[in-house]
$ cat start-v9.cif   # mmCIF, C-alpha atoms
data_run
loop_
_atom_site.label_atom_id
_atom_site.label_comp_id
_atom_site.auth_asym_id
_atom_site.auth_seq_id
_atom_site.Cartn_x
_atom_site.Cartn_y
_atom_site.Cartn_z
CA MET M 1 31.02 -23.29 14.72
CA PRO M 2 28.91 -24.07 11.60
CA LYS M 3 29.61 -21.99 8.51
CA ALA M 4 27.18 -20.31 6.12
CA ILE M 5 27.62 -18.57 2.78
CA PHE M 6 25.24 -16.26 0.92
CA HIS M 7 24.88 -16.11 -2.85
CA THR M 8 22.83 -13.00 -3.56
CA PHE M 9 21.30 -12.06 -6.91
CA GLY M 10 19.60 -8.87 -8.03
CA CYS M 11 19.10 -5.47 -6.50
CA ARG M 12 20.51 -3.49 -3.58
CA LEU M 13 17.46 -4.51 -1.55
CA ASN M 14 18.41 -8.16 -1.93
CA GLN M 15 21.94 -7.33 -0.74
CA THR M 16 20.40 -5.61 2.28
CA GLU M 17 18.18 -8.57 3.08
CA SER M 18 21.09 -11.02 2.83
CA ALA M 19 23.02 -8.90 5.34
CA ILE M 20 20.02 -9.01 7.71
CA MET M 21 19.58 -12.79 7.33
CA ALA M 22 23.32 -13.30 7.85
CA LYS M 23 23.11 -11.41 11.14
CA GLY M 24 20.28 -13.70 12.21
CA LEU M 25 22.47 -16.74 11.53
CA GLU M 26 25.36 -15.18 13.45
CA LEU M 27 23.07 -14.78 16.46
CA ILE M 28 22.54 -18.57 16.56
CA GLY M 29 26.23 -19.38 16.19
CA TYR M 30 27.01 -19.42 12.47
CA GLU M 31 30.17 -17.99 10.95
CA ILE M 32 29.57 -16.22 7.61
CA VAL M 33 32.18 -17.27 5.03
CA THR M 34 32.94 -16.61 1.37
CA ASP M 35 34.08 -20.08 0.32
CA THR M 36 31.25 -22.32 -0.92
CA ASP M 37 33.20 -25.55 -0.45
CA SER M 38 33.68 -24.94 3.28
CA ALA M 39 30.08 -23.95 4.03
CA ASP M 40 27.69 -26.16 5.97
CA LEU M 41 24.78 -23.97 4.83
CA CYS M 42 24.45 -22.28 1.44
CA VAL M 43 21.77 -19.58 1.21
CA ILE M 44 20.75 -18.49 -2.29
CA ASN M 45 18.85 -15.20 -2.15
CA THR M 46 17.11 -15.05 -5.52
CA CYS M 47 15.90 -12.52 -8.08
CA THR M 48 13.18 -12.98 -10.69
CA VAL M 49 13.22 -9.65 -12.55
CA THR M 50 14.11 -11.40 -15.86
CA ASN M 51 14.19 -14.91 -17.31
CA GLN M 52 17.97 -14.64 -17.17
CA SER M 53 17.72 -13.96 -13.43
CA ASP M 54 15.70 -17.16 -12.99
CA ASN M 55 18.24 -19.15 -14.99
CA LYS M 56 21.17 -17.78 -12.97
CA CYS M 57 19.45 -18.82 -9.75
CA MET M 58 18.86 -22.35 -11.06
CA GLN M 59 22.47 -22.58 -12.25
CA LYS M 60 23.74 -21.50 -8.83
CA ILE M 61 21.65 -24.18 -7.09
CA ARG M 62 23.09 -26.86 -9.39
CA SER M 63 26.60 -25.49 -8.89
CA VAL M 64 26.32 -25.65 -5.10
CA GLN M 65 24.87 -29.16 -5.31
CA HIS M 66 27.85 -30.24 -7.42
CA ASN M 67 30.64 -28.46 -5.53
CA ASN M 68 29.39 -29.03 -2.00
CA PRO M 69 27.01 -32.02 -2.02
CA ASP M 70 26.94 -32.25 1.80
CA ALA M 71 25.79 -28.66 2.36
CA ILE M 72 22.29 -27.72 3.40
CA ILE M 73 20.79 -25.54 0.66
CA ALA M 74 18.27 -22.79 1.40
CA VAL M 75 16.67 -20.89 -1.50
CA VAL M 76 14.87 -17.70 -0.52
CA GLY M 77 13.38 -14.54 -2.01
CA CYS M 78 11.62 -13.50 -5.19
CA PHE M 79 12.24 -16.57 -7.36
CA SER M 80 11.18 -18.77 -4.45
CA GLN M 81 7.99 -16.73 -4.07
CA VAL M 82 6.81 -17.25 -7.65
CA SER M 83 8.55 -20.49 -8.74
CA SER M 84 8.92 -22.80 -5.73
CA GLN M 85 7.84 -25.83 -7.75
CA ARG M 86 10.68 -25.36 -10.25
CA ILE M 87 13.11 -25.31 -7.35
CA LEU M 88 11.61 -28.45 -5.81
CA GLU M 89 11.93 -30.29 -9.11
CA LEU M 90 15.70 -29.85 -8.97
CA GLY M 91 15.84 -32.00 -5.86
CA ARG M 92 18.34 -31.76 -2.98
CA VAL M 93 17.10 -28.35 -1.82
CA HIS M 94 16.35 -28.42 1.89
CA LEU M 95 14.60 -25.11 2.56
CA ILE M 96 12.53 -22.79 0.34
CA LEU M 97 11.29 -19.51 1.83
CA GLY M 98 9.20 -16.78 0.21
CA ASN M 99 9.60 -13.06 0.70
CA ASP M 100 7.48 -12.85 3.84
CA ASN M 101 9.27 -15.81 5.43
CA LYS M 102 12.97 -15.32 4.65
CA PHE M 103 13.79 -13.31 7.76
CA GLU M 104 12.84 -16.43 9.76
CA LEU M 105 15.73 -18.27 8.11
CA HIS M 106 17.63 -18.56 11.39
CA ASN M 107 14.61 -20.23 13.00
CA TYR M 108 14.12 -22.77 10.19
CA VAL M 109 17.71 -23.97 9.71
CA SER M 110 17.75 -25.72 13.07
CA LYS M 111 14.78 -27.82 11.93
CA ILE M 112 16.51 -29.09 8.80
CA LYS M 113 17.91 -32.58 8.52
CA SER M 114 19.46 -33.54 5.20
CA THR M 115 17.44 -36.76 4.98
CA ASP M 116 14.06 -35.10 5.61
CA GLU M 117 11.57 -33.75 3.10
CA PRO M 118 12.32 -30.13 2.16
CA ILE M 119 10.72 -27.38 4.20
CA VAL M 120 8.69 -25.03 1.98
CA LYS M 121 7.19 -21.87 3.42
CA ILE M 122 5.54 -19.56 0.88
CA THR M 123 2.79 -17.49 2.46
CA PRO M 124 0.59 -14.81 0.84
CA LEU M 125 2.38 -11.48 0.83
CA SER M 126 1.27 -9.12 3.57
CA LYS M 127 -0.23 -5.70 2.93
CA LYS M 128 0.53 -4.44 6.44
CA PRO M 129 3.46 -2.41 7.81
CA PHE M 130 6.33 -4.64 8.86
CA LYS M 131 9.27 -4.80 11.20
CA ILE M 132 12.48 -6.82 11.26
CA ASP M 133 13.11 -8.65 14.51
CA THR M 134 16.88 -9.18 14.21
CA LEU M 135 18.78 -5.95 14.77
CA GLY M 136 22.05 -5.28 13.02
CA GLN M 137 23.57 -6.68 9.82
CA HIS M 138 26.56 -8.68 8.70
CA LEU M 139 28.44 -5.87 7.00
CA THR M 140 31.00 -6.17 4.22
CA SER M 141 31.10 -2.43 3.49
CA THR M 142 31.44 0.77 5.48
CA ARG M 143 27.97 1.79 4.29
CA ALA M 144 24.83 0.08 5.65
CA ASN M 145 21.70 -0.41 3.56
CA ILE M 146 18.55 0.15 5.59
CA LYS M 147 15.34 -1.44 4.32
CA ILE M 148 12.46 0.97 4.90
CA GLN M 149 9.83 -0.28 2.42
CA ASP M 150 8.80 -3.31 0.36
CA GLY M 151 6.44 -4.04 -2.54
CA CYS M 152 5.01 -1.76 -5.20
CA ASP M 153 1.58 -0.56 -6.34
CA PHE M 154 2.68 0.97 -9.65
CA LYS M 155 2.37 -2.12 -11.88
CA CYS M 156 4.52 -1.02 -14.81
CA SER M 157 3.60 -3.16 -17.80
CA TYR M 158 6.97 -4.97 -17.95
CA CYS M 159 7.51 -5.67 -14.26
CA LEU M 160 6.85 -8.85 -12.26
CA ILE M 161 8.02 -7.40 -8.95
CA PRO M 162 4.50 -6.52 -7.67
CA THR M 163 3.75 -10.26 -7.97
CA ALA M 164 7.00 -11.34 -6.33
CA ARG M 165 7.06 -8.64 -3.63
CA GLY M 166 3.40 -7.74 -3.17
CA ARG M 167 1.71 -4.42 -2.48
CA SER M 168 3.60 -1.42 -1.18
CA ARG M 169 4.08 -1.47 2.58
CA SER M 170 6.35 0.43 4.93
CA ARG M 171 8.50 -0.52 7.88
CA GLU M 172 7.56 0.66 11.34
CA ILE M 173 9.52 3.82 12.13
CA SER M 174 10.50 2.73 15.64
CA ASN M 175 11.98 -0.44 14.14
CA ILE M 176 13.93 1.57 11.54
CA LYS M 177 15.29 3.82 14.30
CA GLN M 178 16.35 0.81 16.35
CA GLU M 179 18.35 -0.59 13.44
CA VAL M 180 19.97 2.75 12.55
CA ILE M 181 20.96 3.30 16.19
CA GLU M 182 22.49 -0.19 16.19
CA MET M 183 24.34 0.61 12.97
CA ALA M 184 25.73 3.78 14.55
CA ARG M 185 26.81 1.75 17.59
CA MET M 186 28.67 -0.59 15.22
CA GLY M 187 30.54 2.41 13.78
CA VAL M 188 28.58 2.87 10.58
CA LYS M 189 28.75 6.46 9.30
CA GLU M 190 26.65 6.27 6.13
CA ILE M 191 23.26 4.63 5.67
CA VAL M 192 21.51 4.01 2.35
CA LEU M 193 17.70 3.88 2.42
CA THR M 194 16.47 1.00 0.28
CA GLY M 195 13.24 -0.63 -0.79
CA VAL M 196 11.29 -1.60 -3.90
CA ASN M 197 9.67 1.84 -4.15
CA VAL M 198 11.23 3.86 -1.32
CA GLY M 199 9.47 7.11 -2.23
CA ALA M 200 6.16 5.42 -1.40
CA PHE M 201 7.19 5.20 2.27
CA GLN M 202 4.25 6.15 4.48
CA TYR M 203 3.77 5.15 8.10
CA GLN M 204 1.19 6.65 10.43
CA GLY M 205 1.15 9.94 8.54
CA ILE M 206 4.94 10.21 8.19
CA ASP M 207 6.33 10.16 4.65
CA MET M 208 9.86 10.01 3.29
CA MET M 209 10.57 13.65 4.16
CA GLY M 210 9.47 13.09 7.74
CA LEU M 211 11.55 9.93 8.00
CA LEU M 212 14.63 11.81 6.77
CA GLU M 213 14.25 14.33 9.56
CA ILE M 214 13.92 11.56 12.15
CA LEU M 215 17.04 9.77 10.90
CA ASN M 216 18.95 13.04 10.63
CA ALA M 217 18.70 13.41 14.41
CA ILE M 218 20.36 10.06 15.20
CA GLU M 219 23.84 10.59 16.63
CA GLY M 220 26.77 8.80 15.05
CA ILE M 221 25.31 8.59 11.55
CA GLN M 222 26.98 11.26 9.43
CA ARG M 223 25.62 10.61 5.93
CA ILE M 224 22.23 9.54 4.56
CA ARG M 225 21.86 8.42 0.96
CA ILE M 226 18.69 7.43 -0.88
CA SER M 227 18.92 4.51 -3.28
CA SER M 228 16.86 4.34 -6.48
CA ILE M 229 13.65 6.37 -6.14
CA GLU M 230 10.75 6.89 -8.54
CA PRO M 231 10.73 10.50 -9.80
CA THR M 232 6.98 10.89 -9.20
CA THR M 233 7.23 10.00 -5.50
CA ILE M 234 9.34 12.96 -4.33
CA GLY M 235 8.91 16.70 -4.51
CA THR M 236 11.33 19.56 -4.94
CA ASP M 237 11.44 20.20 -1.18
CA ILE M 238 14.01 17.41 -0.96
CA PHE M 239 16.51 19.77 -2.61
CA ASP M 240 16.46 22.00 0.47
CA LEU M 241 17.69 19.10 2.62
CA MET M 242 20.43 18.15 0.16
CA LYS M 243 21.93 21.63 -0.01
CA ASP M 244 21.63 22.28 3.75
CA PRO M 245 25.16 21.85 5.17
CA ASP M 246 23.67 20.88 8.53
CA HIS M 247 21.57 18.05 7.06
CA LYS M 248 23.02 14.57 6.54
CA LEU M 249 21.17 13.86 3.26
CA LEU M 250 23.71 13.61 0.44
CA PRO M 251 23.45 15.34 -2.97
CA TYR M 252 22.62 12.22 -4.96
CA LEU M 253 19.53 10.89 -6.73
CA HIS M 254 19.03 7.76 -8.79
CA LEU M 255 15.87 8.43 -10.83
CA PRO M 256 14.78 5.59 -13.16
CA LEU M 257 13.81 6.93 -16.60
CA GLN M 258 13.44 3.75 -18.76
CA SER M 259 12.81 5.68 -22.00
CA ALA M 260 12.80 9.27 -23.23
CA ASP M 261 10.09 8.55 -25.81
CA ASP M 262 6.58 9.36 -24.58
CA THR M 263 4.91 6.63 -26.65
CA ILE M 264 7.09 4.00 -25.01
CA LEU M 265 6.63 5.54 -21.54
CA LYS M 266 2.85 5.25 -21.96
CA LYS M 267 3.12 1.62 -23.08
CA MET M 268 5.33 0.95 -20.07
CA ARG M 269 2.67 2.56 -17.84
CA ARG M 270 5.23 4.91 -16.34
CA ARG M 271 3.67 7.81 -14.42
CA TYR M 272 5.33 10.71 -16.24
CA LEU M 273 6.20 12.00 -19.67
CA PHE M 274 9.79 12.76 -20.53
CA GLU M 275 9.48 16.54 -20.27
CA GLU M 276 8.24 16.19 -16.67
CA TYR M 277 11.22 13.99 -15.84
CA ARG M 278 13.61 16.42 -17.54
CA GLU M 279 12.21 19.44 -15.69
CA PHE M 280 12.70 17.70 -12.33
CA VAL M 281 16.31 16.82 -13.19
CA LEU M 282 17.04 20.40 -14.31
CA MET M 283 15.58 21.75 -11.06
CA ALA M 284 17.76 19.34 -9.06
CA VAL M 285 20.92 20.45 -10.85
CA GLU M 286 19.99 24.12 -10.50
CA ASN M 287 19.19 23.88 -6.79
CA VAL M 288 21.78 21.43 -5.46
CA PRO M 289 25.43 22.26 -6.28
CA GLY M 290 27.40 19.22 -7.42
CA ILE M 291 24.48 16.79 -7.30
CA CYS M 292 24.96 13.45 -9.08
CA ILE M 293 21.94 12.02 -10.90
CA GLY M 294 21.86 8.42 -12.07
CA SER M 295 19.16 6.56 -13.93
CA ASP M 296 17.96 3.29 -15.48
CA VAL M 297 17.06 2.77 -19.15
CA ILE M 298 15.36 -0.16 -20.88
CA VAL M 299 16.11 -0.79 -24.56
CA GLY M 300 14.07 -2.90 -26.95
CA PHE M 301 10.66 -2.49 -25.35
CA PRO M 302 8.00 -3.84 -27.76
CA GLY M 303 7.31 -1.24 -30.43
CA GLU M 304 10.52 0.73 -29.85
CA THR M 305 11.53 1.93 -33.32
CA ALA M 306 14.94 3.18 -34.37
CA GLU M 307 13.57 6.73 -34.19
CA MET M 308 12.24 6.22 -30.66
CA PHE M 309 15.57 4.81 -29.51
CA GLN M 310 17.42 7.72 -31.10
CA GLU M 311 15.13 10.12 -29.22
CA THR M 312 16.25 8.48 -25.97
CA VAL M 313 19.90 8.81 -27.00
CA ASN M 314 19.50 12.47 -27.96
CA GLN M 315 17.67 13.41 -24.78
CA LEU M 316 20.17 11.60 -22.54
CA LYS M 317 23.00 13.47 -24.23
CA GLN M 318 21.32 16.82 -23.49
CA THR M 319 19.91 16.13 -20.01
CA PRO M 320 22.24 16.32 -16.96
CA VAL M 321 21.91 12.66 -16.03
CA HIS M 322 25.43 11.58 -15.14
CA TYR M 323 25.27 7.81 -15.62
CA PHE M 324 22.63 5.18 -16.30
CA HIS M 325 22.24 1.43 -15.98
CA VAL M 326 21.11 -0.15 -19.25
CA PHE M 327 18.79 -3.16 -19.45
CA SER M 328 17.46 -5.08 -22.44
CA PHE M 329 13.72 -5.72 -22.38
CA ALA M 330 12.96 -9.15 -20.91
CA GLU M 331 9.56 -10.77 -21.32
CA ARG M 332 7.99 -11.95 -18.07
CA GLN M 333 4.94 -14.17 -18.16
CA GLY M 334 2.10 -12.59 -16.21
CA THR M 335 2.92 -9.02 -17.27
CA THR M 336 1.06 -6.90 -19.82
CA ALA M 337 4.19 -6.41 -21.89
CA ALA M 338 4.50 -10.17 -22.43
CA LYS M 339 1.38 -9.99 -24.62
CA MET M 340 2.62 -7.12 -26.78
CA ASP M 341 3.74 -7.60 -30.37
CA GLN M 342 6.29 -5.62 -32.42
CA ARG M 343 9.17 -7.35 -30.67
CA VAL M 344 12.67 -5.94 -31.12
CA PRO M 345 15.20 -8.62 -32.24
CA GLY M 346 17.89 -9.55 -29.75
CA GLN M 347 20.78 -8.39 -31.92
CA ILE M 348 19.23 -4.94 -32.24
CA MET M 349 18.71 -4.73 -28.47
CA ALA M 350 22.35 -5.69 -27.95
CA LYS M 351 23.50 -2.94 -30.33
CA ARG M 352 21.31 -0.34 -28.65
CA SER M 353 22.53 -1.39 -25.21
CA SER M 354 26.13 -0.98 -26.36
CA ILE M 355 25.43 2.54 -27.65
CA LEU M 356 23.86 3.62 -24.37
CA ARG M 357 26.53 2.04 -22.18
CA LYS M 358 29.18 3.91 -24.12
CA LEU M 359 27.22 7.14 -23.67
CA SER M 360 26.86 6.43 -19.95
CA ASN M 361 30.63 6.01 -19.61
CA GLU M 362 31.17 9.30 -21.44
CA LYS M 363 28.70 11.11 -19.20
CA ARG M 364 30.23 9.66 -16.03
CA GLU M 365 33.64 10.84 -17.21
CA GLY M 366 32.22 14.28 -17.94
CA PHE M 367 30.75 14.50 -14.44
CA ILE M 368 34.03 13.53 -12.81
CA ARG M 369 35.87 16.12 -14.91
CA GLN M 370 33.36 18.77 -13.74
CA ASN M 371 34.55 18.03 -10.22
CA LEU M 372 38.29 18.36 -10.92
CA GLY M 373 39.83 20.83 -8.48
CA ARG M 374 36.94 20.56 -6.02
CA VAL M 375 37.38 19.32 -2.46
CA LEU M 376 34.89 16.52 -1.78
CA SER M 377 34.09 14.54 1.33
CA VAL M 378 35.08 10.89 0.85
CA LEU M 379 34.09 7.93 3.01
CA PHE M 380 36.83 5.35 2.53
CA GLU M 381 35.85 1.69 2.26
CA GLY M 382 39.19 -0.07 2.01
CA ASN M 383 42.56 -0.34 0.35
CA ASN M 384 43.34 -2.17 -2.87
CA LYS M 385 47.13 -2.14 -3.15
CA GLY M 386 48.69 -1.49 0.22
CA ASN M 387 48.58 2.28 0.51
CA GLN M 388 45.99 2.92 -2.23
CA TRP M 389 42.61 3.64 -0.63
CA GLN M 390 39.22 4.00 -2.30
CA GLY M 391 35.85 5.33 -1.27
CA TYR M 392 32.89 7.41 -2.41
CA SER M 393 32.34 11.14 -2.29
CA GLU M 394 29.09 12.67 -1.16
CA ASN M 395 28.03 12.95 -4.82
CA PHE M 396 28.91 9.34 -5.55
CA ILE M 397 32.25 9.67 -7.31
CA ARG M 398 34.56 6.75 -6.66
CA VAL M 399 37.82 8.29 -5.44
CA PHE M 400 41.30 6.81 -5.00
CA VAL M 401 44.03 8.33 -2.83
CA THR M 402 47.48 7.22 -1.71
CA SER M 403 48.07 7.21 2.03
CA ASP M 404 50.16 5.26 4.56
CA ASN M 405 47.46 5.80 7.18
CA ASP M 406 44.56 3.43 7.84
CA LEU M 407 41.62 5.24 6.25
CA LYS M 408 38.93 2.54 6.43
CA ASN M 409 35.60 4.03 7.53
CA GLU M 410 37.16 7.47 7.76
CA ILE M 411 35.56 10.52 6.14
CA ARG M 412 38.22 12.89 4.81
CA PRO M 413 38.30 16.00 2.57
CA VAL M 414 39.90 15.11 -0.76
CA ARG M 415 40.89 17.37 -3.63
CA ILE M 416 39.95 15.76 -6.94
CA ASN M 417 43.02 15.96 -9.18
CA GLU M 418 42.51 13.76 -12.22
CA PHE M 419 40.15 11.46 -14.07
CA ALA M 420 40.98 7.76 -14.36
CA THR M 421 38.81 5.14 -16.05
CA GLY M 422 35.61 4.94 -14.01
CA HIS M 423 36.92 6.89 -11.03
CA ALA M 424 38.92 9.92 -9.88
CA ASN M 425 42.33 10.25 -8.25
CA GLY M 426 42.80 12.77 -5.49
CA GLU M 427 44.79 13.84 -2.45
CA ILE M 428 43.71 14.21 1.16
CA ILE M 429 43.56 17.80 2.37
CA ASP M 430 44.63 17.90 6.04
#
$ encode --input "start-v9.cif" --output "structure tokens"
Amino acid sequence: MPKAIFHTFGCRLNQTESAIMAKGLELIGYEIVTDTDSADLCVINTCTVTNQSDNKCMQKIRSVQHNNPDAIIAVVGCFSQVSSQRILELGRVHLILGNDNKFELHNYVSKIKSTDEPIVKITPLSKKPFKIDTLGQHLTSTRANIKIQDGCDFKCSYCLIPTARGRSRSREISNIKQEVIEMARMGVKEIVLTGVNVGAFQYQGIDMMGLLEILNAIEGIQRIRISSIEPTTIGTDIFDLMKDPDHKLLPYLHLPLQSADDTILKKMRRRYLFEEYREFVLMAVENVPGICIGSDVIVGFPGETAEMFQETVNQLKQTPVHYFHVFSFAERQGTTAAKMDQRVPGQIMAKRSSILRKLSNEKREGFIRQNLGRVLSVLFEGNNKGNQWQGYSENFIRVFVTSDNDLKNEIRPVRINEFATGHANGEIID
């Protein structure tokens, strides 16, 4: 049985797509492994959101070439879509697939011979609804990410993803249902809806809210979570589903902010001002008991002054956002922001990032402490040290418990007893 390994960079969507491609390889007889040296096929699923992302992908290709010179190397995804020539110039890469071609990986690998010229398939990105022909995924977690959408029409001034992923397009609903039913058959209890801009989902008159109702009716699936979603693409009616005990949608939202300064938001071409964002967050917290709200923030955008950064810090302290991922501005050729002046020096960006990451840790701790004494529903993913099990609550708190029972993929009520660094400790309530 030939062996394949996946090296995946970037977002949750990339992780999802690797799991789908891995399933396709399993269907033609591959075993998916985690050791590069033993792999006959190394698949590098790439990201191009920053220059650093590009460099990491190039470094991984060189590393695989050095550590496993006999392996077939396939490079797929966003970096392949926009920079296939750079990959070819490295040499000893056998297959390069763009974003509209990567799900055909299992069809192309059988055509590869190490002595042949590399196969390069980069086609123009489609604008049409899509489906995924291979059902099921190679799962390494108890949760399954379900791709429902791809591409983006928003064109924020700093973002290259519309170039790498194309225009917004949605997956056919019947195809989504088929995959979710298959996931339920495999024993999956929680699905996470993913995409580039998931709130833009629209297929034959059915939007995200309609899709949630369709998925809610599928037997076997017990929890539905939405991954990162643009705050302007959803309305307040989603709160009714989250607080409905009979609905499977979990009380969790990840709403990218990027900056709390309106001048910077306008330069970024975001589709809201901070007060609009804040009002939506306040309504979520007021309407959905225990909801967790995460976010993304970019520091060092061109023109960001010390005062503008401090405004972001102050607003994040006061707004009930419970954690945030922090990114330093990265110039990408082909974006509007790449032409802007008033650049923020790297050492200042690093200092600002450190301040916000510390604040994020404090806010996450504060949220966990708010939940002390509550009984939460935890889906357990695995054990770390024999009888110490960990999983995630409905409102995305990482929870550890001690139990001699096998809890993997079990959903249990857990009383949250104490805060520990980055997570909570609790006890199962029988």
$ residues_around --input "start-v9.cif" --residues "Lys56 in chain M" --least-positions-apart "6" --cutoff "10 Å" --atoms "only C-alpha atoms" --output "number ranges by chain"
M: 9, 46-48, 50, 62
$ resolve_selection --input "start-v9.cif" --expression "the PyMOL selection byres ((chain M and resi 115-131) around 10)" --output "JSON, numbers by chain"
{"M": [73, 74, 75, 76, 77, 80, 81, 82, 84, 85, 88, 91, 92, 93, 94, 95, 96, 97, 98, 99, 100, 101, 102, 108, 109, 111, 112, 113, 114, 132, 133, 134, 147, 148, 149, 150, 151, 163, 164, 165, 166, 167, 168, 169, 170, 171, 172, 173, 174, 175, 176, 202, 203, 204]}
$ closest_residue --input "start-v9.cif" --among "M:Asn371, M:Gln333, M:Thr421, M:Asn107" --to "Leu160 in chain M" --atoms "only C-alpha atoms"
M:Gln333
$ closest_residue --input "start-v9.cif" --among "M:Asp261, M:Glu286, M:Glu219, M:Asp207" --to "Asn314 in chain M" --atoms "only C-alpha atoms"
M:Asp261
$ closest_residue --input "start-v9.cif" --among "M:Gln137, M:Ser63, M:Gln342, M:Ser328" --to "Glu26 in chain M" --atoms "all atoms listed in the file"
M:Gln137
$ resolve_selection --input "start-v9.cif" --expression "the PyMOL selection byres ((chain M and resi 357) around 12)" --output "list in words"
Ser295, Asp296, Val297, Ile298, Val299, Val313, Leu316, His322, Tyr323, Phe324, His325, Val326, Phe327, Ser328, Ala350, Lys351, Arg352, Ser353, Ser354, Ile355, Leu356, Lys358, Leu359, Ser360, Asn361, Glu362, Lys363 and Arg364 of chain M
$ atom_distance --input "start-v9.cif" --atom1 "CA of Ile238 in chain M" --atom2 "CA of Gly294 in chain M"
16.3 Å
$ resolve_selection --input "start-v9.cif" --expression "the PyMOL selection byres ((chain M and resi 388) around 9)" --output "number ranges by chain"
M: 382-387, 389-390, 400-404
$ residues_near_point --input "start-v9.cif" --point "(6.8, 8.5, -25.3)" --cutoff "10 Å" --atoms "only C-alpha atoms" --output "number ranges by chain"
M: 259-268, 270, 272-275, 304, 308, 311-312
$ atom_distance --input "start-v9.cif" --atom1 "CA of Ile229 in chain M" --atom2 "CA of Glu17 in chain M"
18.1 Å
$ atom_distance --input "start-v9.cif" --atom1 "CA of Ile226 in chain M" --atom2 "CA of Cys159 in chain M"
21.8 Å
$ build_atoms --input "start-v9.cif" --residues "range 239-250 of chain M" --atoms "N, CA and C atoms" --output "mmCIF file, in the frame of the given file"
data_model
loop_
_atom_site.group_PDB
_atom_site.id
_atom_site.type_symbol
_atom_site.label_atom_id
_atom_site.label_comp_id
_atom_site.auth_asym_id
_atom_site.auth_seq_id
_atom_site.Cartn_x
_atom_site.Cartn_y
_atom_site.Cartn_z
ATOM 1 N N PHE M 239 15.291 19.034 -2.251
ATOM 2 C CA PHE M 239 16.510 19.770 -2.610
ATOM 3 C C PHE M 239 17.005 20.627 -1.456
ATOM 4 N N ASP M 240 16.073 21.155 -0.664
ATOM 5 C CA ASP M 240 16.460 22.000 0.470
ATOM 6 C C ASP M 240 17.283 21.209 1.487
ATOM 7 N N LEU M 241 16.929 19.927 1.690
ATOM 8 C CA LEU M 241 17.690 19.100 2.620
ATOM 9 C C LEU M 241 19.075 18.795 2.060
ATOM 10 N N MET M 242 19.149 18.522 0.767
ATOM 11 C CA MET M 242 20.430 18.150 0.160
ATOM 12 C C MET M 242 21.445 19.285 0.181
ATOM 13 N N LYS M 243 20.983 20.512 0.028
ATOM 14 C CA LYS M 243 21.930 21.630 -0.010
ATOM 15 C C LYS M 243 22.160 22.269 1.360
ATOM 16 N N ASP M 244 21.452 21.777 2.392
ATOM 17 C CA ASP M 244 21.630 22.280 3.750
ATOM 18 C C ASP M 244 22.890 21.644 4.352
ATOM 19 N N PRO M 245 23.919 22.426 4.647
ATOM 20 C CA PRO M 245 25.160 21.850 5.170
ATOM 21 C C PRO M 245 24.993 21.173 6.528
ATOM 22 N N ASP M 246 23.902 21.491 7.224
ATOM 23 C CA ASP M 246 23.670 20.880 8.530
ATOM 24 C C ASP M 246 22.807 19.625 8.445
ATOM 25 N N HIS M 247 22.371 19.263 7.224
ATOM 26 C CA HIS M 247 21.570 18.050 7.060
ATOM 27 C C HIS M 247 22.448 16.943 6.498
ATOM 28 N N LYS M 248 22.188 15.708 6.909
ATOM 29 C CA LYS M 248 23.020 14.570 6.540
ATOM 30 C C LYS M 248 22.669 13.967 5.178
ATOM 31 N N LEU M 249 21.572 14.421 4.556
ATOM 32 C CA LEU M 249 21.170 13.860 3.260
ATOM 33 C C LEU M 249 22.152 14.295 2.181
ATOM 34 N N LEU M 250 22.667 13.339 1.429
ATOM 35 C CA LEU M 250 23.710 13.610 0.440
ATOM 36 C C LEU M 250 23.129 14.068 -0.899
#
